[in-house]
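Colleague: Could you have a look at this structure, given as structure tokens, before my questions?
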Number of protein chains: 2
Amino acid sequence: MPSYKAPVDDVLFLLNDVFHIERYGNLPGFADTNPETLEAILGEGAKLCEQVIAPLNRTGDIEGCKRHPDGTVTTPKGFKDAYKQLSEGGWVGLACDLDYGGQGLPQTLTWIMNEFLTSSNMAFSMYSGLSQGAYLALRIHGSDEQKKMYLPKIASGIWSATMNLTEPHCGTDLGLLRTKAVPQADGSYKISGTKIFISGGEHDLTENIIHLVIARIEGAPAGTKGISLFVVPKFLHDENGRIGARNGVTCGSIEEKMGIHGNSTCVMNYDNATGWLVGEPHRGLAAMFTMMNEARIGVGIQGVALSEVAYQNAANYARERLQGRSLTGPKFPDKPADPIIVHPDVRRVLLSMRAFNEAARALVIWIALQADTYHRSGDAQAKQTADDLMGLLTPIIKGVLTDIGFANTVLAQQMFGGHGYIAEHGMEQFVRDARISMIYEGANGIQALDLVGRKLGRDGGRAMMNFLSETTAFMKANAADEAMAPYIQPMETALAHLQKATVWLMQNGPKQPDNAGAASYDYMHLFGLVALGYMWAQIAKAALAAKSKSNGAAARMDAKLAAGKFFMERMLPETVAHLARIESGSRTLMELPAEAF
Amino acid sequence: MPSYKAPVDDVLFLLNDVFHIERYGNLPGFADTNPETLEAILGEGAKLCEQVIAPLNRTGDIEGCKRHPDGTVTTPKGFKDAYKQLSEGGWVGLACDLDYGGQGLPQTLTWIMNEFLTSSNMAFSMYSGLSQGAYLALRIHGSDEQKKMYLPKIASGIWSATMNLTEPHCGTDLGLLRTKAVPQADGSYKISGTKIFISGGEHDLTENIIHLVIARIEGAPAGTKGISLFVVPKFLHDENGRIGARNGVTCGSIEEKMGIHGNSTCVMNYDNATGWLVGEPHRGLAAMFTMMNEARIGVGIQGVALSEVAYQNAANYARERLQGRSLTGPKFPDKPADPIIVHPDVRRVLLSMRAFNEAARALVIWIALQADTYHRSGDAQAKQTADDLMGLLTPIIKGVLTDIGFANTVLAQQMFGGHGYIAEHGMEQFVRDARISMIYEGANGIQALDLVGRKLGRDGGRAMMNFLSETTAFMKANAADEAMAPYIQPMETALAHLQKATVWLMQNGPKQPDNAGAASYDYMHLFGLVALGYMWAQIAKAALAAKSKSNGAAARMDAKLAAGKFFMERMLPETVAHLARIESGSRTLMELPAEAF
């Protein structure tokens with residue numbers, strides 16, 4: 001069975017040494033984020049993940065969820081108790097408002113905990129994962145009454161939440177949706193329709209499930225401008241939250257899928273279910289996007305999380321598996337063979353995972369701090385800058401981190417040879433589980449279009465210009481530092497590629513939108529590499545500083561400096577290939593008729 | 001359920017127009033390979049695959065193989081009848097000698113049929129797939145008695161064969177093996193030990209199963225120099241091949257694995273099983289490598305085959321799935337949405353699969369013709385050149401074609417969005433099935449080491465020099481042809497990268513072997529891109545000629561020319577990134593101690 005150790009030390013290094021969390025001390029909830037408290041909180045979270053939740057990962061995969069004839073669903077053995085520990089420990093409401101029963105701590109800590117939870121057991125983590133987005137959506141768009149009713153229930157974990165968008169004939173193109181809402185005299189609506197791929201749509205972990213559902217009010221305009229958001233609880237309830245009758249929403253079936261078997265992915269049938277409008281009529285998509293954006297970051301975190309746990313197991317295996325000899329002569333002549341970690345190609349694979357994991361985690365934490373700034377700061381300028389960065393980098397975090405995260409689970413599986421293909425070692429489960437992250441909450445191709453088509457040009461390209469000037473300034477400021485040279489020089493080349501690609505898009509996209517579409521995926525990955533490289537440059541700077549301060553940290557910091565160098569030498573050079581593909585334009589793509597494919 | 005149509009037209013184009021199979025007419029078995037006969041043979045094979053074998057793919061995945069308490073194994077419903085049709089149709093022995101009951105046709109046709117079989121049903125195809133390698137190993141290394149006994153049984157498909165190498169503690173490093181062979185007075189041996197990951201180790205499709213097993217004769221030297229090859233039949237038999245008592249070899253269990261559930265992957269227990277030596281004592285590894293090299297090409301074909309069937313289904317889906325609108329305005333304004341094939345990024349994904357499939361298939365056929373030349377030609381020089389090319393390109397075919405083939409199944413799955421993650425559409429099965437091809441018959445990292453450490457330098461680098469001079473000559477010969485410019489110019493750049501990387505290896509590998517190891521994987525992929533590019537250049541030349549000859553072929557040829565251009569513009573530029581990684585050397589990889597990972 002795979003093992004897992006939450007990377008608490010790495011996270012603390014990022015929070016304290018790289019991002020200087022103390023600088024955010026004026027934000028609500030950040031007052032207590034001194035290194036000792038952070039270590040205590042994350043240490044507790046790590047313990048719960050490692051000891052309680054991770055051991056249920058493989059058994060949950062084998063057992064899966066069971067739907068009973070009455071539509072109820074049983075989660076795998078142990079999930080219910082683990083969920084109880086999670087919610088009673090205050091982890092679901094870690095970043096929720098004190099007023100609504102949360103702990104009021106930074107959102108950043110929730111996202112870090114989400115990584116630990118997902119590494120431990122992705123299927124399990126999804127039951128509470130969507131509650132955070134639903135909390136935010138209701139907090140921003142809900143009425144006072146809705147907030148008072150639902151937020152404490154969600155924050156405490158007593159009730160969970162789902163996101164209901166997709167229908168059999170529409171996923172990306174929500175304008176096609178058919179679920180309808182009929183207004184009732186009492187101000188409620190009757191919702192009818194079928195939603196598919198609903199994660200945690202039905203389960204036995206919580207007293208009630210709050211479905212956030214998009215539907216079209218009778219007579220509403222066609223397309224996305226006629227979509228409204230509704231809250232539809234599994235059980236109806238009185239104004240004190242006391243559970244009443246079952247509402248007209250049931251799980252019709254559980255999907256047979258490639259992975260995340262421990263999570264119930266449901267077909268949900270709405271049959272005159274009672275729901276209440278959230279926010280204004282026909283403005284539901286904007287409200288749902290509050291939840292969706294949160295969920296996209298959450299999915300990006302899944303990419304990092306599975307890459308991390310897969311890496312840990314691959315590294316352990318490479319240290320233990322005796323097979324063959326080093327190319328430079330036996331390293332352990334007393335053993336029947338050397339451990340495979342003596343081989344440069346094995347190290348190449350391990351380092352490529354490691355060089356991703358640390359930078360990707362940094363990227364998530366950087367953007368998490370922007371989220372906290374946006375939601376909590378009183379400074380309008382700071383809020384805007386934070387929101388810009390978050391918007392710009394959300395498709396990168398979702399699209400790039402899940403693409404590479406998945407690829408890394410495949411690499412880690414490969415380390416095990418034939419044993420990686422066998423279920424008992426758990427490596428193939430990581431691959432199957434990670435695979436969904438590239439698909440849901442907007443397939444990665446959609447992320448690339450979101451980046452190129454919407455985020456890049458928004459507000460005259462303000463967010464992108466800020467990103468480029470911040471990164472360029474960092475490289476300039478550290479250009480004279482010889483120890484930083486291995487990180488600065490490659491980044492300057494990569495930044496030039498990103499700038500060139502951006503100019504190409506500006507010149508070729510508007511007059512021929514297919515050029516933007518043709519470039520989008522490579523542009524997203526080129527941007528992603530630069531963003532990860534920027535993280536490595538900052539990590540290297542902090543590691544050099546930490547190394548000079550303390551001898552004790554030297555070995556750990558040396559490992560970071562080596563992984564960063566690996567990134568610069570072996571991963572960043574990919575930017576030149578992305579640029580070549582971008583500049584090749586769309587003609588070859590578009591010239592064939594559809595039937596020629 | 002996924003659909004499949006065998007690419008008979010593409011294969012015929014490659015055989016007739018690109019590789020001019022008529023030029024091989026003097027080889028035994030090639031006399032009848034005129035276009036009409038080829039079309040008839042391949043058409044029959046295609047029908048069997050499409051109508052009988054493909055429909056069993058998903059049901060075989062769901063049902064899997066069942067081991068009974070007595071150690072026997074039942075294959076999924078329908079497999080037995082389909083196997084009967086396959087063997088009775090003469091497909092197993094298609095390229096086997098007429099003297100031994102085969103059809104004496106080119107090996108090339110068997111490899112093509114293997115692609116069709118694998119696209120239809122990879123798990124099923126493996127039962128007969130290993131028989132071909134066993135046939136070859138016994139034909140080359142077996143005694144006359146063994147040949148007379150086993151070859152007709154294998155060629156007819158009445159008996160099948162397996163390859164028994166791996167043990168729990170040794171896969172790549174066969175020198176560690178523990179299975180022992182004790183000589184008996186009658187010239188036979190008693191074999192005892194445990195072998196794992198044995199594909200088709202036990203099943204109900206054939207009357208008998210011939211296990212080719214490597215073991216150490218008591219008192220033999222340690223390491224790989226003490227390994228001998230034995231033939232161990234499941235049922236003992238008399239000299240007429242009449243089945244007798246069960247031999248001491250049983251299936252201990254079937255592995256629970258990620259995919260290819262329809263194939264029984266067995267733990268085989270040898271308990272004083274009676275076996276007979278094949279070839280000379282202690283020279284078993286060389287004999288086994290005859291089978292292994294054949295199997296490696298077979299696995300490379302699996303990469304192409306799954307990429308092909310995944311592509312076909314993705315292209316169909318992209319033409320049918322209505323979702324969103326073209327970036328340049330609605331293309332089907334009368335429909336609720338445009339089919340997703342209007343999007344450049346969807347076409348990018350489809351073309352990247354297509355641009356691989358056609359070139360990879362060409363590469364397999366090119367090397368298949370070398371195999372036929374090597375095994376059948378009477379011309380020593382032609383044999384040597386063919387053997388050189390085959391040896392050099394075997395790791396490319398195994399390593400590169402399975403890496404890209406697997407990646408393409410992931411791309412095809414992605415086209416389906418959430419539906420791709422659901423089992424009923426069959427796309428996730430392609431991913432799970434394809435995954436093993438990167439692992440077995442020598443994990444792809446081992447292929448890269450084989451290429452760089454053995455194949456490249458063998459005979460003073462003769463094979464590589466021949467490859468470079470042949471490709472360079474082709475580019476020169478076509479440099480003046482304007483219509484060929486899109487294919488020649490990018491190839492010249494890529495060839496320069498390959499030459500530079502080769503020189504770098506020659507200069508940096510011998511003095512520091514870790515440099516060779518560190519470069520191996522990127523070198524393999526750089527080489528693979530050049531080899532695929534060379535195929536595209538040849539396909540383009542043939543397509544231009546075919547187009548000028550016949551108007552009827554124009555649309556098909558235009559599609560090839562576009563896919564080839566896509567390859568040159570969007571896939572080949574990756575060579576520059578591979579070169580950069582190769583030239584970064586091994587220092588960053590090797591500097592960390594093992595415990596720092």
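Labels for the structure tokens follow display order: chains A, B, ..., residues from 1 in each chain, ligands from 1.
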Based on DSSP run over this structure's backbone, return all residues of stretch 217-345 of chain B in strand (DSSP E or B), as a ChimeraX atom specification.
Modeller: /B:217,227-233,235-237,243-246,249-254,257,265-278,322,339
Colleague: Residues of stretch 508-597 of chain A in alpha helix (DSSP H) according to DSSP, as a PyMOL selection string?
Modeller: chain A and resi 508+513-549+554-566+574-583+587-590
Colleague: Report the closest atom pair, with its distance in Å rounded to one decimal, for each residue of chain B that has an atom no farther than 6 Å from chain A; count only C-alpha atoms, sort by chain and then rising residue number, and write it as JSON lines.
Modeller:
{"residue": "B:Asp173", "atom": "CA", "partner": "A:Gly324", "partner_atom": "CA", "distance": 5.2}
{"residue": "B:Glu256", "atom": "CA", "partner": "A:Ala423", "partner_atom": "CA", "distance": 5.6}
{"residue": "B:Lys257", "atom": "CA", "partner": "A:Ile422", "partner_atom": "CA", "distance": 4.3}
{"residue": "B:Met258", "atom": "CA", "partner": "A:Tyr421", "partner_atom": "CA", "distance": 5.6}
{"residue": "B:Gln323", "atom": "CA", "partner": "A:Asp173", "partner_atom": "CA", "distance": 5.4}
{"residue": "B:Gly324", "atom": "CA", "partner": "A:Asp173", "partner_atom": "CA", "distance": 5.2}
{"residue": "B:Leu327", "atom": "CA", "partner": "A:Pro513", "partner_atom": "CA", "distance": 5.9}
{"residue": "B:Pro344", "atom": "CA", "partner": "A:Ala518", "partner_atom": "CA", "distance": 5.0}
{"residue": "B:Asp345", "atom": "CA", "partner": "A:Ala518", "partner_atom": "CA", "distance": 5.3}
{"residue": "B:Arg347", "atom": "CA", "partner": "A:Leu589", "partner_atom": "CA", "distance": 5.9}
{"residue": "B:Gly417", "atom": "CA", "partner": "A:Ile439", "partner_atom": "CA", "distance": 5.7}
{"residue": "B:Tyr421", "atom": "CA", "partner": "A:Met258", "partner_atom": "CA", "distance": 5.6}
{"residue": "B:Ile422", "atom": "CA", "partner": "A:Lys257", "partner_atom": "CA", "distance": 4.3}
{"residue": "B:Ala423", "atom": "CA", "partner": "A:Lys257", "partner_atom": "CA", "distance": 5.1}
{"residue": "B:Ile439", "atom": "CA", "partner": "A:Gly417", "partner_atom": "CA", "distance": 5.7}
{"residue": "B:Pro513", "atom": "CA", "partner": "A:Leu327", "partner_atom": "CA", "distance": 5.9}
{"residue": "B:Gly517", "atom": "CA", "partner": "A:Pro344", "partner_atom": "CA", "distance": 5.5}
{"residue": "B:Ala518", "atom": "CA", "partner": "A:Pro344", "partner_atom": "CA", "distance": 5.0}
{"residue": "B:Arg570", "atom": "CA", "partner": "A:Arg581", "partner_atom": "CA", "distance": 5.0}
{"residue": "B:Pro573", "atom": "CA", "partner": "A:Ala577", "partner_atom": "CA", "distance": 5.5}
{"residue": "B:Glu574", "atom": "CA", "partner": "A:Ala577", "partner_atom": "CA", "distance": 5.4}
{"residue": "B:Ala577", "atom": "CA", "partner": "A:Glu574", "partner_atom": "CA", "distance": 5.4}
{"residue": "B:Arg581", "atom": "CA", "partner": "A:Arg570", "partner_atom": "CA", "distance": 5.0}
{"residue": "B:Leu589", "atom": "CA", "partner": "A:Arg347", "partner_atom": "CA", "distance": 5.9}
Colleague: Quick one: everything within 8 Å of B:Gly252, counting only C-alpha atoms, minus sequence neighbours fewer than 2 positions away in the same chain. Send it as a PDB file with N, CA and C atoms, in the first residue's frame.
Modeller:
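Result file follows (around.pdb):
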ATOM      1  N   GLY B  71      -6.703 -24.163 -10.492  1.00  0.00           N
ATOM      2  CA  GLY B  71      -5.656 -23.461 -11.225  1.00  0.00           C
ATOM      3  C   GLY B  71      -5.971 -23.212 -12.689  1.00  0.00           C
ATOM      4  N   THR B 250       1.693 -24.556 -12.692  1.00  0.00           N
ATOM      5  CA  THR B 250       0.307 -24.126 -12.479  1.00  0.00           C
ATOM      6  C   THR B 250       0.232 -22.619 -12.292  1.00  0.00           C
ATOM      7  N   ILE B 254      -4.131 -14.873 -10.665  1.00  0.00           N
ATOM      8  CA  ILE B 254      -4.179 -13.878 -11.740  1.00  0.00           C
ATOM      9  C   ILE B 254      -3.996 -12.512 -11.102  1.00  0.00           C
ATOM     10  N   CYS B 266      -0.506 -14.030 -15.279  1.00  0.00           N
ATOM     11  CA  CYS B 266      -0.461 -15.053 -14.238  1.00  0.00           C
ATOM     12  C   CYS B 266       0.832 -15.052 -13.427  1.00  0.00           C
ATOM     13  N   VAL B 267       0.702 -15.433 -12.177  1.00  0.00           N
ATOM     14  CA  VAL B 267       1.833 -15.913 -11.399  1.00  0.00           C
ATOM     15  C   VAL B 267       1.920 -17.404 -11.711  1.00  0.00           C
ATOM     16  N   MET B 268       3.065 -17.841 -12.228  1.00  0.00           N
ATOM     17  CA  MET B 268       3.213 -19.254 -12.608  1.00  0.00           C
ATOM     18  C   MET B 268       4.161 -19.941 -11.632  1.00  0.00           C
ATOM     19  N   ASN B 269       3.669 -21.007 -11.049  1.00  0.00           N
ATOM     20  CA  ASN B 269       4.497 -21.776 -10.114  1.00  0.00           C
ATOM     21  C   ASN B 269       5.039 -23.026 -10.804  1.00  0.00           C
TER      22      ASN B 269
END
Colleague: Can you tell me, as a list in words, what residues are no more than 7 Å from A:Gly284 when counting only C-alpha atoms, ignoring any on the same chain fewer than 4 positions away?
Modeller: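 The neighbour list is Ile214, Ile227, Ser228, Leu229 and Met288 of chain A.
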Colleague: Export, as a CSV table (one decimal), in the first residue's frame, the selected residues with N, CA, C and O atoms.
Modeller:
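The new file selection_26.csv reads:
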chain,number,residue,atom,x,y,z
A,214,ILE,N,-28.0,25.0,-11.5
A,214,ILE,CA,-28.4,26.0,-12.5
A,214,ILE,C,-29.6,25.5,-13.3
A,214,ILE,O,-29.6,24.3,-13.7
A,227,ILE,N,-30.0,31.9,-17.5
A,227,ILE,CA,-29.7,30.8,-16.5
A,227,ILE,C,-29.7,31.4,-15.1
A,227,ILE,O,-29.1,32.4,-14.8
A,228,SER,N,-30.4,30.7,-14.2
A,228,SER,CA,-30.5,31.2,-12.8
A,228,SER,C,-29.9,30.1,-11.9
A,228,SER,O,-29.9,28.9,-12.2
A,229,LEU,N,-29.5,30.5,-10.7
A,229,LEU,CA,-28.9,29.6,-9.7
A,229,LEU,C,-29.9,29.4,-8.6
A,229,LEU,O,-30.5,30.3,-8.1
A,288,MET,N,-22.6,31.2,-10.2
A,288,MET,CA,-22.0,29.8,-10.2
A,288,MET,C,-20.5,29.9,-10.5
A,288,MET,O,-19.8,29.1,-10.0
Colleague: Go ahead and compute the interatomic distance for atom CA of B:Ser264 and atom CA of B:Ile404, in Å to one decimal.
Modeller: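 Computing it gives 25.6 Å between the two atoms.
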Colleague: Take atom CA of A:Leu117 and atom CA of A:Thr402 and report the distance between them in Å, one decimal.
Modeller: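 Interatomic distance, atom CA of A:Leu117 to atom CA of A:Thr402: 16.3 Å.
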Colleague: Compile the contact shell of B:Gln184 as an NGL selection string: residues with an atom at most 10 Å away, counting only C-alpha atoms, same-chain residues fewer than 6 positions apart removed.
Modeller: :B and (190 or 274-275)
Colleague: Quick one: residues within 9 Å of A:Ile301, only C-alpha atoms counted, chain neighbours fewer than 3 positions away excluded, as a list of chain:residue names?
Modeller: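 In the requested form, the answer reads A:Trp111, A:Ile112, A:Asn114, A:Glu115, A:Thr118, A:Arg296, A:Ile297, A:Gly298, A:Val304, A:Ala305, A:Leu306, A:Ala360, A:Arg361, A:Val364, A:Ile397, A:Lys398, A:Leu401, A:Thr402.
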Colleague: Take the selection from the previous step and output its residues with N, CA, C and O atoms, as a PDB file, in the first residue's frame.
Modeller:
ATOM      1  N   TRP A 111      -6.457  25.714   1.487  1.00  0.00           N
ATOM      2  CA  TRP A 111      -5.945  25.171   0.237  1.00  0.00           C
ATOM      3  C   TRP A 111      -4.768  24.233   0.492  1.00  0.00           C
ATOM      4  O   TRP A 111      -4.605  23.221  -0.194  1.00  0.00           O
ATOM      5  N   ILE A 112      -3.964  24.576   1.460  1.00  0.00           N
ATOM      6  CA  ILE A 112      -2.844  23.681   1.813  1.00  0.00           C
ATOM      7  C   ILE A 112      -3.391  22.366   2.362  1.00  0.00           C
ATOM      8  O   ILE A 112      -2.950  21.278   1.984  1.00  0.00           O
ATOM      9  N   ASN A 114      -6.207  21.135   1.712  1.00  0.00           N
ATOM     10  CA  ASN A 114      -6.803  20.405   0.581  1.00  0.00           C
ATOM     11  C   ASN A 114      -5.750  19.579  -0.150  1.00  0.00           C
ATOM     12  O   ASN A 114      -6.040  18.485  -0.630  1.00  0.00           O
ATOM     13  N   GLU A 115      -4.538  20.116  -0.266  1.00  0.00           N
ATOM     14  CA  GLU A 115      -3.489  19.312  -0.891  1.00  0.00           C
ATOM     15  C   GLU A 115      -3.236  18.048  -0.062  1.00  0.00           C
ATOM     16  O   GLU A 115      -3.194  16.943  -0.607  1.00  0.00           O
ATOM     17  N   THR A 118      -6.089  15.604  -0.417  1.00  0.00           N
ATOM     18  CA  THR A 118      -6.165  14.977  -1.731  1.00  0.00           C
ATOM     19  C   THR A 118      -5.052  13.954  -1.923  1.00  0.00           C
ATOM     20  O   THR A 118      -5.276  12.882  -2.487  1.00  0.00           O
ATOM     21  N   ARG A 296     -11.959  25.420  -9.552  1.00  0.00           N
ATOM     22  CA  ARG A 296     -10.857  25.245 -10.500  1.00  0.00           C
ATOM     23  C   ARG A 296      -9.505  25.248  -9.799  1.00  0.00           C
ATOM     24  O   ARG A 296      -8.621  24.462 -10.134  1.00  0.00           O
ATOM     25  N   ILE A 297      -9.372  26.153  -8.844  1.00  0.00           N
ATOM     26  CA  ILE A 297      -8.133  26.143  -8.056  1.00  0.00           C
ATOM     27  C   ILE A 297      -8.044  24.816  -7.301  1.00  0.00           C
ATOM     28  O   ILE A 297      -6.987  24.182  -7.239  1.00  0.00           O
ATOM     29  N   GLY A 298      -9.172  24.385  -6.746  1.00  0.00           N
ATOM     30  CA  GLY A 298      -9.193  23.117  -6.018  1.00  0.00           C
ATOM     31  C   GLY A 298      -8.750  21.956  -6.888  1.00  0.00           C
ATOM     32  O   GLY A 298      -8.033  21.059  -6.437  1.00  0.00           O
ATOM     33  N   VAL A 304      -1.278  18.827  -8.086  1.00  0.00           N
ATOM     34  CA  VAL A 304      -0.094  18.859  -7.236  1.00  0.00           C
ATOM     35  C   VAL A 304      -0.128  17.712  -6.230  1.00  0.00           C
ATOM     36  O   VAL A 304       0.873  17.025  -5.991  1.00  0.00           O
ATOM     37  N   ALA A 305      -1.292  17.509  -5.646  1.00  0.00           N
ATOM     38  CA  ALA A 305      -1.425  16.541  -4.554  1.00  0.00           C
ATOM     39  C   ALA A 305      -1.116  15.123  -5.021  1.00  0.00           C
ATOM     40  O   ALA A 305      -0.388  14.382  -4.349  1.00  0.00           O
ATOM     41  N   LEU A 306      -1.650  14.740  -6.174  1.00  0.00           N
ATOM     42  CA  LEU A 306      -1.410  13.374  -6.644  1.00  0.00           C
ATOM     43  C   LEU A 306       0.025  13.224  -7.142  1.00  0.00           C
ATOM     44  O   LEU A 306       0.642  12.167  -6.988  1.00  0.00           O
ATOM     45  N   ALA A 360       4.878  24.059  -8.122  1.00  0.00           N
ATOM     46  CA  ALA A 360       3.419  24.106  -8.273  1.00  0.00           C
ATOM     47  C   ALA A 360       2.766  24.436  -6.933  1.00  0.00           C
ATOM     48  O   ALA A 360       1.800  25.208  -6.868  1.00  0.00           O
ATOM     49  N   ARG A 361       3.308  23.849  -5.872  1.00  0.00           N
ATOM     50  CA  ARG A 361       2.772  24.167  -4.538  1.00  0.00           C
ATOM     51  C   ARG A 361       2.979  25.651  -4.236  1.00  0.00           C
ATOM     52  O   ARG A 361       2.090  26.315  -3.693  1.00  0.00           O
ATOM     53  N   VAL A 364       0.384  27.696  -6.048  1.00  0.00           N
ATOM     54  CA  VAL A 364      -0.918  27.635  -5.384  1.00  0.00           C
ATOM     55  C   VAL A 364      -0.922  28.550  -4.161  1.00  0.00           C
ATOM     56  O   VAL A 364      -1.879  29.304  -3.938  1.00  0.00           O
ATOM     57  N   ILE A 397      -3.344  27.354 -13.199  1.00  0.00           N
ATOM     58  CA  ILE A 397      -3.344  26.411 -12.079  1.00  0.00           C
ATOM     59  C   ILE A 397      -4.212  25.203 -12.419  1.00  0.00           C
ATOM     60  O   ILE A 397      -3.809  24.058 -12.203  1.00  0.00           O
ATOM     61  N   LYS A 398      -5.367  25.444 -12.976  1.00  0.00           N
ATOM     62  CA  LYS A 398      -6.235  24.319 -13.340  1.00  0.00           C
ATOM     63  C   LYS A 398      -5.628  23.509 -14.486  1.00  0.00           C
ATOM     64  O   LYS A 398      -5.511  22.285 -14.420  1.00  0.00           O
ATOM     65  N   LEU A 401      -1.311  22.617 -14.009  1.00  0.00           N
ATOM     66  CA  LEU A 401      -0.988  21.770 -12.857  1.00  0.00           C
ATOM     67  C   LEU A 401      -1.640  20.389 -12.949  1.00  0.00           C
ATOM     68  O   LEU A 401      -1.089  19.403 -12.455  1.00  0.00           O
ATOM     69  N   THR A 402      -2.801  20.302 -13.584  1.00  0.00           N
ATOM     70  CA  THR A 402      -3.409  18.971 -13.711  1.00  0.00           C
ATOM     71  C   THR A 402      -2.797  18.179 -14.866  1.00  0.00           C
ATOM     72  O   THR A 402      -2.649  16.967 -14.764  1.00  0.00           O
TER      73      THR A 402
END
Colleague: Of the residues A:Glu22, A:Asp433, A:Asp338, A:Glu280, which is the one nearest to A:Val299, using only C-alpha atoms?
Modeller: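 Once distances to A:Val299 are computed over only C-alpha atoms, the minimum belongs to A:Asp433.
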Colleague: Neighbouring residues of B:Asp81 were defined as those with any atom within 12 Å, considering only C-alpha atoms; residues of the same chain fewer than 3 positions away were excluded. Please report them as a PyMOL selection string.
Modeller: chain B and resi 48+52-53+56+75-78+84-88+124+204-206
Colleague: Write the selection just made, keeping C-alpha atoms, as a tab-separated table (two decimals), in the first residue's frame?
Modeller:
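Dumped to again.tsv:
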chain	number	residue	atom	x	y	z
B	48	LEU	CA	-12.59	-10.66	-38.65
B	52	VAL	CA	-15.79	-10.68	-34.36
B	53	ILE	CA	-12.97	-9.47	-32.16
B	56	LEU	CA	-15.52	-8.50	-27.34
B	75	THR	CA	-11.26	-16.31	-20.52
B	76	PRO	CA	-14.12	-13.87	-21.10
B	77	LYS	CA	-17.22	-14.96	-22.98
B	78	GLY	CA	-16.69	-15.15	-26.71
B	84	LYS	CA	-10.96	-20.52	-33.02
B	85	GLN	CA	-11.87	-18.31	-35.97
B	86	LEU	CA	-8.49	-16.60	-35.78
B	87	SER	CA	-6.48	-19.81	-35.79
B	88	GLU	CA	-8.66	-21.68	-38.25
B	124	PHE	CA	-7.37	-10.83	-26.86
B	204	ASP	CA	-8.86	-22.10	-22.06
B	205	LEU	CA	-8.25	-21.10	-25.67
B	206	THR	CA	-5.81	-23.78	-26.77
